[in-house]
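K.L.:
Quick one: the structure is below, and I'll ask about it shortly.
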Amino acid sequence: MKIFRPIIIGTILIVGGITVFTLMSKRGDHPPAAPRGDVVLSDFYVPPTDLPDRPGVLVRHERLNDASHLGSAADNISVLYTSTEGLGGEVINAVSGALYLPEGTPPADGWPLLVWSHGTVGIGDVCAPSDAGRSDRDRTYLNPWLEAGYAIAASDYQGLGTPGTHPYMDARTMAYNNLDLIRAVQASFAVSKEVVIAGQSQGASAAIATAGLAKQYASDIDLRGIMATGIPYFSWKVIFDLVKNSDPDAVNASLTLSLYMLTLTEMLDPAFSLDRVVSDEAKPIVDEIGKTCVFDFIGKTQDAGLTSRKTFKQRTEFALIKAFGRMRYPAPNLDTPIFTGTGTDDKITPFDMQQAFVEDTCKAGAIIAPHVYEGANHDQGLLLSTPDAMNFARSVMNGERVENACPAQ
């Protein structure tokens, strides 16, 4: 029997986006997929039964656990707030996150507010950054912002920490979660009305999607600029080239990320079941998908020697396309200046891919401040961008004009 080689786009899919939406399948008689990775982290993450019926409302807050602290913060706060469920766009649900406040007395207009959009952590509640903590890389990036006097708000994203499966990489979900977090913290804490957003990898997609949907969904928010590093950018040509060149017998992180995407497909199309397309050999590992976080899960698949050929027993290309469609981020808000940071040695989101985003966004009329870091890999591109990103943020927060540095067309 011919085994389909599923669409695998290397480790880029940690952060991916796509260029078109697809329509959800009709539900028919199929029940929704059972939640994956749902556990109760603590009573804090359990929404009240009388949840407010509008998005952007702070439900509760308390001190973050020690593992989730940022060393330069005077106050480390966990927050639970309301947001619009991203897949359907109608139901109000609860989302968790964190707020970090700097040392000292806030200015009269509140601490300048930076929203941080995290990259892939997994799909299980145990991976929620407000509970599990942040990577050394992210701590290294975020602490200087606190030292510079910024408050930092960071969403866990829908389904990480709170009930339901995390809709992995769904662009609208991430955008709604960011925008509603801004509303919630501005209404309850001493932070500024002006906002900047920073995102790395998957978080770059979240930042771009947030800017793209801000006017439509939250026109009350004064979004001054976005800072996106390690930016994913896909065209159909890129996808098909990567599919053509993928190796069904390779043992690598691509498999884990394809599996994550297929859990999103389960949420979009109840006629699809991940369990039905997974081989008996792979099933014990795949059953761990919601119980372990991204790097541990990658390790489990690699230790088991799983490849796409060994993992899937039937075709999954159409199922993955459904997920690709929801991973698209809208065209950036052309009124929102965009800082980009790219490492020339980035293997996760390659340099050429990121430059294509800059070129196409420039053609659409955006104001771009592109920065290139020679010899930097995916993580180094973020960290090396810090002083440049801070200069950009200071300018846009002060209402200064950003010089458009679009490359010559």
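Chains: A, B, ... in order of the structure tokens. Residues: from 1 per chain. Ligands: from 1, in order shown.
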Considering only C-alpha atoms, tabulate each residue of range 169-216 of chain A that lies at most 9 Å from range 90-104 of chain A along with its nearest interatomic pair and the corresponding distance in Å to one decimal; arrange the rows by chain and ascending residue number and present them as JSON lines.
P.N.:
```
{"residue": "A:Asn177", "atom": "CA", "partner": "A:Val95", "partner_atom": "CA", "distance": 7.3}
{"residue": "A:Leu181", "atom": "CA", "partner": "A:Gly97", "partner_atom": "CA", "distance": 8.1}
{"residue": "A:Val185", "atom": "CA", "partner": "A:Leu99", "partner_atom": "CA", "distance": 8.0}
{"residue": "A:Val191", "atom": "CA", "partner": "A:Leu101", "partner_atom": "CA", "distance": 9.0}
```
K.L.:
Considering only C-alpha atoms, tabulate each residue of range 81-147 of chain A that lies at most 12 Å from range 392-400 of chain A along with its nearest interatomic pair and the corresponding distance in Å to one decimal; arrange the rows by chain and ascending residue number and present them as a Markdown table.
P.N.:
```
| residue | atom | partner | partner_atom | distance |
| --- | --- | --- | --- | --- |
| A:Trp111 | CA | A:Met397 | CA | 11.4 |
| A:Pro112 | CA | A:Met397 | CA | 7.9 |
| A:Leu113 | CA | A:Met397 | CA | 9.3 |
| A:Leu114 | CA | A:Ala393 | CA | 8.9 |
| A:Val115 | CA | A:Ala393 | CA | 11.6 |
| A:Trp145 | CA | A:Ala393 | CA | 10.3 |
```
K.L.:
Generate the output file for the selected residues, N, CA and C atoms, as an mmCIF file, in the first residue's frame.
P.N.:
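The resulting file, again-v9.cif, is shown below:
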```cif
data_model
loop_
_atom_site.group_PDB
_atom_site.id
_atom_site.type_symbol
_atom_site.label_atom_id
_atom_site.label_comp_id
_atom_site.auth_asym_id
_atom_site.auth_seq_id
_atom_site.Cartn_x
_atom_site.Cartn_y
_atom_site.Cartn_z
ATOM 1 N N TRP A 111 3.074 52.688 33.001
ATOM 2 C CA TRP A 111 4.260 52.095 32.396
ATOM 3 C C TRP A 111 4.026 51.877 30.898
ATOM 4 N N PRO A 112 5.000 52.219 30.047
ATOM 5 C CA PRO A 112 4.837 51.871 28.626
ATOM 6 C C PRO A 112 4.644 50.373 28.481
ATOM 7 N N LEU A 113 3.710 49.961 27.637
ATOM 8 C CA LEU A 113 3.285 48.560 27.585
ATOM 9 C C LEU A 113 3.855 47.841 26.370
ATOM 10 N N LEU A 114 4.558 46.756 26.638
ATOM 11 C CA LEU A 114 5.050 45.834 25.617
ATOM 12 C C LEU A 114 4.282 44.530 25.735
ATOM 13 N N VAL A 115 3.714 44.058 24.640
ATOM 14 C CA VAL A 115 3.086 42.738 24.604
ATOM 15 C C VAL A 115 4.085 41.762 23.987
ATOM 16 N N TRP A 145 13.921 44.822 28.823
ATOM 17 C CA TRP A 145 12.759 45.686 28.618
ATOM 18 C C TRP A 145 12.214 46.157 29.975
#
```
K.L.:
Considering only C-alpha atoms, state which residue in the set A:Gly56, A:Val402, A:Val251, A:Thr165 is at the smallest distance from Ala218 in chain A.
P.N.:
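Between A:Gly56, A:Val402, A:Val251, A:Thr165, the residue approaching Ala218 in chain A most closely is A:Gly56.
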K.L.:
Quick one: pick out all strand (DSSP E) residues within range 100-346 of chain A from a backbone DSSP run and write them as a ChimeraX atom specification.
P.N.:
/A:100-101,111-117,151-155,191-200,222-229,338-343
K.L.:
Within 8 Å of Ala282 in chain A, counting only C-alpha atoms, which residues qualify if same-chain residues fewer than 4 places away don't, as a list in words?
P.N.:
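These residues fall inside the cut-off: Val278, Val286, Leu306, Lys310 and Thr311 of chain A.
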K.L.:
Store the residues of this selection in a file with N, CA, C and O atoms, as an mmCIF file, in the first residue's frame.
P.N.:
```
data_model
loop_
_atom_site.group_PDB
_atom_site.id
_atom_site.type_symbol
_atom_site.label_atom_id
_atom_site.label_comp_id
_atom_site.auth_asym_id
_atom_site.auth_seq_id
_atom_site.Cartn_x
_atom_site.Cartn_y
_atom_site.Cartn_z
ATOM 1 N N VAL A 278 -2.816 7.421 12.440
ATOM 2 C CA VAL A 278 -1.528 7.098 13.049
ATOM 3 C C VAL A 278 -1.354 5.584 13.123
ATOM 4 O O VAL A 278 -2.286 4.848 13.454
ATOM 5 N N VAL A 286 2.393 9.194 20.030
ATOM 6 C CA VAL A 286 1.427 10.247 19.701
ATOM 7 C C VAL A 286 0.465 10.482 20.861
ATOM 8 O O VAL A 286 0.012 11.614 21.089
ATOM 9 N N LEU A 306 10.894 7.571 14.925
ATOM 10 C CA LEU A 306 9.717 7.749 14.080
ATOM 11 C C LEU A 306 10.010 8.664 12.898
ATOM 12 O O LEU A 306 10.632 9.709 13.038
ATOM 13 N N LYS A 310 6.752 5.933 8.915
ATOM 14 C CA LYS A 310 6.414 5.000 9.991
ATOM 15 C C LYS A 310 5.205 5.471 10.800
ATOM 16 O O LYS A 310 4.538 4.653 11.449
ATOM 17 N N THR A 311 4.931 6.751 10.778
ATOM 18 C CA THR A 311 3.914 7.315 11.667
ATOM 19 C C THR A 311 2.518 7.296 11.073
ATOM 20 O O THR A 311 1.542 7.002 11.772
#
```
K.L.:
May I have the residues within 6 Å of Val196 in chain A as number ranges by chain, using only C-alpha atoms and disregarding those fewer than 6 positions away in the same chain?
P.N.:
A: 114, 224-226
K.L.:
How would the residues just picked look written out with N, CA, C and O atoms as an mmCIF file, in the first residue's frame?
P.N.:
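Writing done, so here's part.cif:
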```cif
data_model
loop_
_atom_site.group_PDB
_atom_site.id
_atom_site.type_symbol
_atom_site.label_atom_id
_atom_site.label_comp_id
_atom_site.auth_asym_id
_atom_site.auth_seq_id
_atom_site.Cartn_x
_atom_site.Cartn_y
_atom_site.Cartn_z
ATOM 1 N N LEU A 114 4.558 46.756 26.638
ATOM 2 C CA LEU A 114 5.050 45.834 25.617
ATOM 3 C C LEU A 114 4.282 44.530 25.735
ATOM 4 O O LEU A 114 4.192 43.952 26.823
ATOM 5 N N ARG A 224 1.126 51.079 18.365
ATOM 6 C CA ARG A 224 2.101 51.973 17.754
ATOM 7 C C ARG A 224 3.079 51.262 16.824
ATOM 8 O O ARG A 224 3.624 51.888 15.907
ATOM 9 N N GLY A 225 3.358 49.997 17.062
ATOM 10 C CA GLY A 225 4.320 49.302 16.215
ATOM 11 C C GLY A 225 4.466 47.856 16.628
ATOM 12 O O GLY A 225 4.073 47.460 17.731
ATOM 13 N N ILE A 226 5.007 47.050 15.714
ATOM 14 C CA ILE A 226 5.283 45.651 16.018
ATOM 15 C C ILE A 226 6.742 45.348 15.702
ATOM 16 O O ILE A 226 7.340 45.932 14.788
#
```
K.L.:
Using only C-alpha atoms, which residue out of A:Ala153, A:Leu80, A:Asp109, A:Leu264 lies closest to Val57 in chain A?
P.N.:
A:Leu80
K.L.:
As number ranges by chain, which residues of range 181-264 of chain A does DSSP assign to alpha helix (DSSP H)?
P.N.:
A: 181-188, 202-217, 236-245, 254-264
K.L.:
Between A:Ala132, A:Ala74, A:Ile321, A:Ala369, which has the minimum distance to Thr105 in chain A (counting only C-alpha atoms)?
P.N.:
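Between A:Ala132, A:Ala74, A:Ile321, A:Ala369, the residue approaching Thr105 in chain A most closely is A:Ala74.
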K.L.:
Between A:Gly164, A:Gly71, A:Pro387, A:Pro106, which is the closest to Asn143 in chain A once you count only C-alpha atoms?
P.N.:
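That would be A:Gly71, the residue with the smallest distance to Asn143 in chain A.
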